[in-house]
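Engineer: Next comes final_4.txt, compact mmCIF, C-alpha atoms and all ligand atoms:
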```
# COMPACT_ATOMS: atom_id res chain seq x y z
CA MET A 1 123.44 56.72 93.44
CA LYS A 2 125.15 59.02 95.89
CA LYS A 3 125.78 61.49 93.10
CA LEU A 4 122.15 61.42 92.08
CA LEU A 5 121.01 62.07 95.64
CA LEU A 6 123.41 65.00 95.91
CA SER A 7 122.17 66.60 92.70
CA THR A 8 118.58 66.16 93.89
CA LEU A 9 119.44 67.98 97.10
CA ILE A 10 121.10 70.80 95.18
CA LEU A 11 118.05 71.07 92.99
CA ILE A 12 115.79 71.33 96.05
CA ALA A 13 118.12 73.93 97.61
CA ASN A 14 118.04 75.97 94.40
CA PHE A 15 114.31 75.72 94.31
CA TYR A 16 113.88 77.09 97.80
CA THR A 17 116.63 79.68 98.26
CA PRO A 18 115.59 82.09 95.46
CA ALA A 19 112.30 82.70 97.26
CA ALA A 20 114.13 83.92 100.36
CA SER A 21 116.41 86.26 98.43
CA MET A 22 113.54 87.50 96.26
CA HIS A 23 111.86 88.81 99.39
CA GLU A 24 114.67 91.30 99.82
CA GLY A 25 114.04 92.98 96.47
CA ASP A 26 111.84 95.95 95.77
CA ASP A 27 109.78 94.52 92.96
CA HIS A 28 108.84 91.12 91.53
CA VAL A 29 107.86 88.81 94.37
CA HIS A 30 105.36 86.04 93.66
CA GLY A 31 103.93 88.23 90.90
CA LEU A 32 103.69 91.33 93.08
CA GLU A 33 105.32 94.46 91.71
CA ILE A 34 105.72 97.30 94.17
CA SER A 35 106.81 100.58 92.72
CA GLN A 36 107.68 104.13 93.74
CA PRO A 37 107.20 104.06 97.51
CA TRP A 38 107.40 107.62 98.80
CA ALA A 39 106.50 109.80 101.77
CA ARG A 40 106.44 113.57 102.23
CA GLN A 41 109.06 115.19 104.40
CA THR A 42 107.71 116.20 107.80
CA GLY A 43 109.83 119.26 108.57
CA ASN A 44 110.70 119.01 112.26
CA ARG A 45 107.57 117.10 113.18
CA THR A 46 107.43 113.48 114.34
CA VAL A 47 103.65 113.10 114.90
CA SER A 48 102.88 111.09 111.77
CA ALA A 49 103.56 110.53 108.08
CA ALA A 50 101.95 108.62 105.23
CA ILE A 51 103.62 106.32 102.71
CA TYR A 52 102.29 105.95 99.18
CA MET A 53 103.17 103.41 96.48
CA ASN A 54 101.75 101.23 93.81
CA VAL A 55 101.16 97.50 94.23
CA ALA A 56 100.42 95.52 91.08
CA ASN A 57 99.51 91.85 91.27
CA LYS A 58 100.90 90.36 88.07
CA GLY A 59 100.63 86.83 89.39
CA ALA A 60 97.79 84.35 89.04
CA PHE A 61 96.68 84.32 92.68
CA LEU A 62 94.85 86.63 95.03
CA ASP A 63 97.15 87.90 97.74
CA GLN A 64 96.52 90.02 100.84
CA LEU A 65 98.58 92.65 102.58
CA ILE A 66 98.28 91.55 106.22
CA ASP A 67 100.98 93.49 108.07
CA VAL A 68 103.43 96.39 107.72
CA THR A 69 106.46 97.01 109.91
CA SER A 70 109.18 99.65 110.07
CA ASP A 71 111.68 101.05 112.53
CA ALA A 72 110.73 104.53 111.27
CA ALA A 73 107.75 104.79 113.64
CA GLU A 74 106.24 103.38 116.80
CA ARG A 75 103.05 102.36 115.00
CA VAL A 76 102.73 101.32 111.36
CA GLN A 77 99.31 100.54 109.89
CA VAL A 78 97.51 100.29 106.57
CA HIS A 79 94.89 103.04 106.43
CA GLN A 80 92.17 104.03 104.03
CA SER A 81 90.94 107.62 103.82
CA LEU A 82 87.22 107.85 103.16
CA GLU A 83 84.88 110.79 103.06
CA GLN A 84 81.96 110.39 105.46
CA ASP A 85 79.38 113.15 105.86
CA GLY A 86 81.75 115.61 104.21
CA ILE A 87 84.61 114.76 106.57
CA MET A 88 87.72 112.83 105.60
CA ARG A 89 88.27 109.96 108.02
CA MET A 90 90.96 107.30 108.19
CA HIS A 91 90.24 103.66 108.84
CA HIS A 92 92.67 100.93 109.80
CA VAL A 93 92.62 98.13 107.22
CA SER A 94 93.72 94.85 108.79
CA ALA A 95 93.81 92.81 105.56
CA LEU A 96 93.91 94.33 102.10
CA PRO A 97 93.21 91.88 99.24
CA ILE A 98 94.91 92.40 95.88
CA ALA A 99 93.41 90.35 93.05
CA PRO A 100 95.33 89.08 90.01
CA ASN A 101 95.72 91.88 87.42
CA GLU A 102 94.75 94.44 90.04
CA ASN A 103 96.78 97.60 90.32
CA LEU A 104 96.31 99.00 93.79
CA ALA A 105 97.36 102.60 94.28
CA PHE A 106 98.31 103.90 97.71
CA GLU A 107 97.80 107.60 97.16
CA PRO A 108 96.78 110.80 98.99
CA GLY A 109 93.06 110.60 99.79
CA GLY A 110 92.99 106.78 99.54
CA TYR A 111 95.04 103.89 100.85
CA HIS A 112 98.26 104.75 102.63
CA ILE A 113 100.64 103.32 105.18
CA MET A 114 100.35 105.40 108.29
CA LEU A 115 103.42 106.00 110.40
CA THR A 116 102.53 107.25 113.87
CA ARG A 117 105.09 108.69 116.31
CA LEU A 118 108.13 108.81 114.02
CA ALA A 119 111.54 107.80 115.38
CA SER A 120 112.84 111.01 113.75
CA PRO A 121 111.48 113.60 111.29
CA LEU A 122 111.45 112.53 107.63
CA LYS A 123 113.95 114.62 105.70
CA GLU A 124 113.80 115.15 101.95
CA GLY A 125 116.16 112.75 100.16
CA ASP A 126 116.16 110.17 102.98
CA ILE A 127 115.41 106.57 102.10
CA PHE A 128 114.12 104.15 104.73
CA PRO A 129 112.98 100.51 104.66
CA VAL A 130 109.45 99.30 105.28
CA THR A 131 108.48 95.62 105.30
CA LEU A 132 105.14 94.62 103.83
CA THR A 133 103.87 91.18 104.82
CA PHE A 134 101.66 89.43 102.31
CA GLU A 135 99.69 86.28 103.02
CA LYS A 136 101.24 84.41 100.07
CA ALA A 137 104.32 86.42 99.02
CA GLY A 138 105.53 86.74 102.61
CA ASP A 139 107.77 89.63 103.68
CA VAL A 140 108.69 92.20 101.04
CA THR A 141 110.98 95.05 102.07
CA VAL A 142 110.69 98.23 100.03
CA HIS A 143 112.70 101.44 100.29
CA VAL A 144 110.69 104.60 100.76
CA LEU A 145 111.98 107.85 99.28
CA VAL A 146 111.26 110.99 101.28
CA THR A 147 110.16 113.76 98.92
CA GLY A 148 109.73 117.49 99.32
CA ILE A 149 106.41 118.97 100.41
CA ALA A 150 105.05 118.78 96.83
CA GLY A 151 105.20 114.98 96.91
CA LEU A 152 106.35 112.67 94.15
CA GLN A 153 106.47 114.51 90.83
CA GLU A 154 105.22 112.25 88.05
CU CU B 201 96.21 107.37 108.03
```
Using structure tokens, write down the structure from this file.
Structural biologist:
Amino acid sequence: MKKLLLSTLILIANFYTPAASMHEGDDHVHGLEISQPWARQTGNRTVSAAIYMNVANKGAFLDQLIDVTSDAAERVQVHQSLEQDGIMRMHHVSALPIAPNENLAFEPGGYHIMLTRLASPLKEGDIFPVTLTFEKAGDVTVHVLVTGIAGLQE
């Protein structure tokens, strides 16, 4: 009986711990696949920078990006660039839903993660962590590659 109880506990532990360690990875988390996070180098400037990536929901459930954090800047927000009356404007997006089978691109002229007041300039070749918080998947830390001024070459 004692042995059975112990194996049940181990089973429960195994069931729960992978979720925590999965959150540290860069890709598959609760069906979310996050690929190629990148940001352009900023020269000597620390005013702002934008992070781009691709988020694919390969799971069966709708999820939402509800927060983004990083030590790389004082303020980190999800933004959407939209053209209004011929002028490109950026809007803060507080919750960004990603439906099953949806492939959401964060790209120049669209969604991006805005870093405002950088801790230090972004230098080409640097890699820094950013944590995305999803309603269902929880915290997912990705590593952003700083590219040259041309951006990520496909
Ligand atoms: Cu922005």
Engineer: Please indicate the distance in Å from atom CA of A:Ser120 to atom CA of A:Thr69, rounded to one decimal place.
Structural biologist: 15.9 Å
Engineer: Please, what distance in Å, to one decimal, runs between atom CA of A:Ser35 and atom CA of A:Thr141?
Structural biologist: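 These atoms are spaced 11.6 Å apart.
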Engineer: Could you give me the residues within 6 Å of ligand CU 201 (chain B), counting only C-alpha atoms and all ligand atoms, as a ChimeraX atom specification?
Structural biologist: /A:79,90,114
Engineer: What's around A:Leu62 at 12 Å? Count only C-alpha atoms, leave out sequence neighbours fewer than 6 positions away in its own chain, and write the answer as a PDB file with C-alpha atoms, keeping the file's coordinate frame.
Structural biologist:
```pdb
ATOM      1  CA  HIS A  30     105.360  86.040  93.660  1.00  0.00           C
ATOM      2  CA  GLY A  31     103.930  88.230  90.900  1.00  0.00           C
ATOM      3  CA  LEU A  32     103.690  91.330  93.080  1.00  0.00           C
ATOM      4  CA  ALA A  56     100.420  95.520  91.080  1.00  0.00           C
ATOM      5  CA  LEU A  96      93.910  94.330 102.100  1.00  0.00           C
ATOM      6  CA  PRO A  97      93.210  91.880  99.240  1.00  0.00           C
ATOM      7  CA  ILE A  98      94.910  92.400  95.880  1.00  0.00           C
ATOM      8  CA  ALA A  99      93.410  90.350  93.050  1.00  0.00           C
ATOM      9  CA  PRO A 100      95.330  89.080  90.010  1.00  0.00           C
ATOM     10  CA  ASN A 101      95.720  91.880  87.420  1.00  0.00           C
ATOM     11  CA  GLU A 102      94.750  94.440  90.040  1.00  0.00           C
ATOM     12  CA  PHE A 134     101.660  89.430 102.310  1.00  0.00           C
ATOM     13  CA  GLU A 135      99.690  86.280 103.020  1.00  0.00           C
ATOM     14  CA  LYS A 136     101.240  84.410 100.070  1.00  0.00           C
ATOM     15  CA  ALA A 137     104.320  86.420  99.020  1.00  0.00           C
TER      16      ALA A 137
END
```
Engineer: Could you pull the residues within 8 Å of A:Thr46, counting only C-alpha atoms, minus those fewer than 6 positions along the same chain, as a list in words?
Structural biologist: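 My list of contacting residues is Thr116, Arg117, Leu118, Ala119, Ser120, Pro121 and Leu122 of chain A.
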Engineer: With distances taken over all atoms listed in the file, which residue among A:Gly151, A:His112, A:Asn44, A:Val144 lies nearest A:Val76?
Structural biologist: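 For A:Val76, the nearest of the given residues is A:His112.
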Engineer: Can you work out which one of A:Ala50, A:Leu65, A:Ile127, A:Leu145 has the shortest atom-to-atom distance to A:Ala95, counting only C-alpha atoms?
Structural biologist: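 Of all the options, A:Leu65 lies closest to A:Ala95.
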Engineer: Atom CA of A:Gln80 and atom CA of A:Asp63, how far apart in Å?
Structural biologist: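 A separation of 18.0 Å between them.
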Engineer: Which is closer to A:Tyr52 than all the others in A:Ala72, A:Val140, A:Ala105, A:Leu132, using only C-alpha atoms?
Structural biologist: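 Of all the options, A:Ala105 lies closest to A:Tyr52.
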Engineer: Between A:Gln36, A:Gln41, A:Thr147, A:Ser48, which is the closest to A:Glu74 once you count only C-alpha atoms?
Structural biologist: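 Between A:Gln36, A:Gln41, A:Thr147, A:Ser48, the residue approaching A:Glu74 most closely is A:Ser48.
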Engineer: From the set A:Ser94, A:Ile66, A:Ile149, A:His143, which residue has the shortest atom-to-atom contact distance to A:Ala49, counting only C-alpha atoms?
Structural biologist: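 Checking each of A:Ser94, A:Ile66, A:Ile149, A:His143 against A:Ala49, counting only C-alpha atoms, the winner is A:Ile149.
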Engineer: Choose the residue, out of A:Arg40, A:Val142, A:Asp85, A:Glu33, that has the smallest atom-to-atom separation from A:Gly125; count all atoms listed in the file.
Structural biologist: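 Ranked by minimum distance to A:Gly125, first place goes to A:Arg40.
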Engineer: May I have the protein, DNA and RNA residues with any atom at most 7 Å from the point (100.7, 99.8, 97.7), counting all atoms listed in the file, written as a PyMOL selection string?
Structural biologist: chain A and resi 34+52-55+104-106
Engineer: Got a moment to write stretch 135-150 of chain A out with N, CA and C atoms, as a PDB file, in the first residue's frame?
Structural biologist:
```
ATOM      1  N   GLU A 135      -2.011  33.671 -21.145  1.00  0.00           N
ATOM      2  CA  GLU A 135      -3.092  33.338 -20.224  1.00  0.00           C
ATOM      3  C   GLU A 135      -3.077  31.852 -19.854  1.00  0.00           C
ATOM      4  N   LYS A 136      -2.908  30.979 -20.841  1.00  0.00           N
ATOM      5  CA  LYS A 136      -2.933  29.536 -20.564  1.00  0.00           C
ATOM      6  C   LYS A 136      -1.532  28.936 -20.442  1.00  0.00           C
ATOM      7  N   ALA A 137      -0.647  29.270 -21.347  1.00  0.00           N
ATOM      8  CA  ALA A 137       0.697  28.674 -21.364  1.00  0.00           C
ATOM      9  C   ALA A 137       1.583  29.215 -20.248  1.00  0.00           C
ATOM     10  N   GLY A 138       1.205  30.338 -19.663  1.00  0.00           N
ATOM     11  CA  GLY A 138       2.013  30.926 -18.600  1.00  0.00           C
ATOM     12  C   GLY A 138       3.223  31.661 -19.162  1.00  0.00           C
ATOM     13  N   ASP A 139       4.311  31.684 -18.372  1.00  0.00           N
ATOM     14  CA  ASP A 139       5.506  32.425 -18.771  1.00  0.00           C
ATOM     15  C   ASP A 139       6.353  31.621 -19.750  1.00  0.00           C
ATOM     16  N   VAL A 140       6.729  32.254 -20.840  1.00  0.00           N
ATOM     17  CA  VAL A 140       7.607  31.628 -21.827  1.00  0.00           C
ATOM     18  C   VAL A 140       8.757  32.601 -22.081  1.00  0.00           C
ATOM     19  N   THR A 141       9.976  32.175 -21.750  1.00  0.00           N
ATOM     20  CA  THR A 141      11.125  33.043 -21.979  1.00  0.00           C
ATOM     21  C   THR A 141      11.763  32.697 -23.318  1.00  0.00           C
ATOM     22  N   VAL A 142      11.931  33.712 -24.151  1.00  0.00           N
ATOM     23  CA  VAL A 142      12.577  33.520 -25.449  1.00  0.00           C
ATOM     24  C   VAL A 142      13.859  34.349 -25.479  1.00  0.00           C
ATOM     25  N   HIS A 143      14.761  33.997 -26.374  1.00  0.00           N
ATOM     26  CA  HIS A 143      16.034  34.714 -26.467  1.00  0.00           C
ATOM     27  C   HIS A 143      16.095  35.462 -27.791  1.00  0.00           C
ATOM     28  N   VAL A 144      16.201  36.767 -27.661  1.00  0.00           N
ATOM     29  CA  VAL A 144      16.116  37.665 -28.816  1.00  0.00           C
ATOM     30  C   VAL A 144      17.518  37.909 -29.378  1.00  0.00           C
ATOM     31  N   LEU A 145      17.661  37.683 -30.674  1.00  0.00           N
ATOM     32  CA  LEU A 145      18.938  37.932 -31.341  1.00  0.00           C
ATOM     33  C   LEU A 145      18.949  39.356 -31.886  1.00  0.00           C
ATOM     34  N   VAL A 146      20.008  40.091 -31.580  1.00  0.00           N
ATOM     35  CA  VAL A 146      20.147  41.443 -32.122  1.00  0.00           C
ATOM     36  C   VAL A 146      20.841  41.351 -33.472  1.00  0.00           C
ATOM     37  N   THR A 147      20.160  41.852 -34.503  1.00  0.00           N
ATOM     38  CA  THR A 147      20.681  41.779 -35.873  1.00  0.00           C
ATOM     39  C   THR A 147      21.322  43.115 -36.271  1.00  0.00           C
ATOM     40  N   GLY A 148      21.894  43.117 -37.452  1.00  0.00           N
ATOM     41  CA  GLY A 148      22.399  44.361 -38.029  1.00  0.00           C
ATOM     42  C   GLY A 148      21.230  45.233 -38.469  1.00  0.00           C
ATOM     43  N   ILE A 149      21.509  46.359 -39.046  1.00  0.00           N
ATOM     44  CA  ILE A 149      20.492  47.335 -39.413  1.00  0.00           C
ATOM     45  C   ILE A 149      19.529  46.776 -40.476  1.00  0.00           C
ATOM     46  N   ALA A 150      19.983  45.810 -41.264  1.00  0.00           N
ATOM     47  CA  ALA A 150      19.136  45.223 -42.315  1.00  0.00           C
ATOM     48  C   ALA A 150      18.045  44.324 -41.743  1.00  0.00           C
TER      49      ALA A 150
END
```
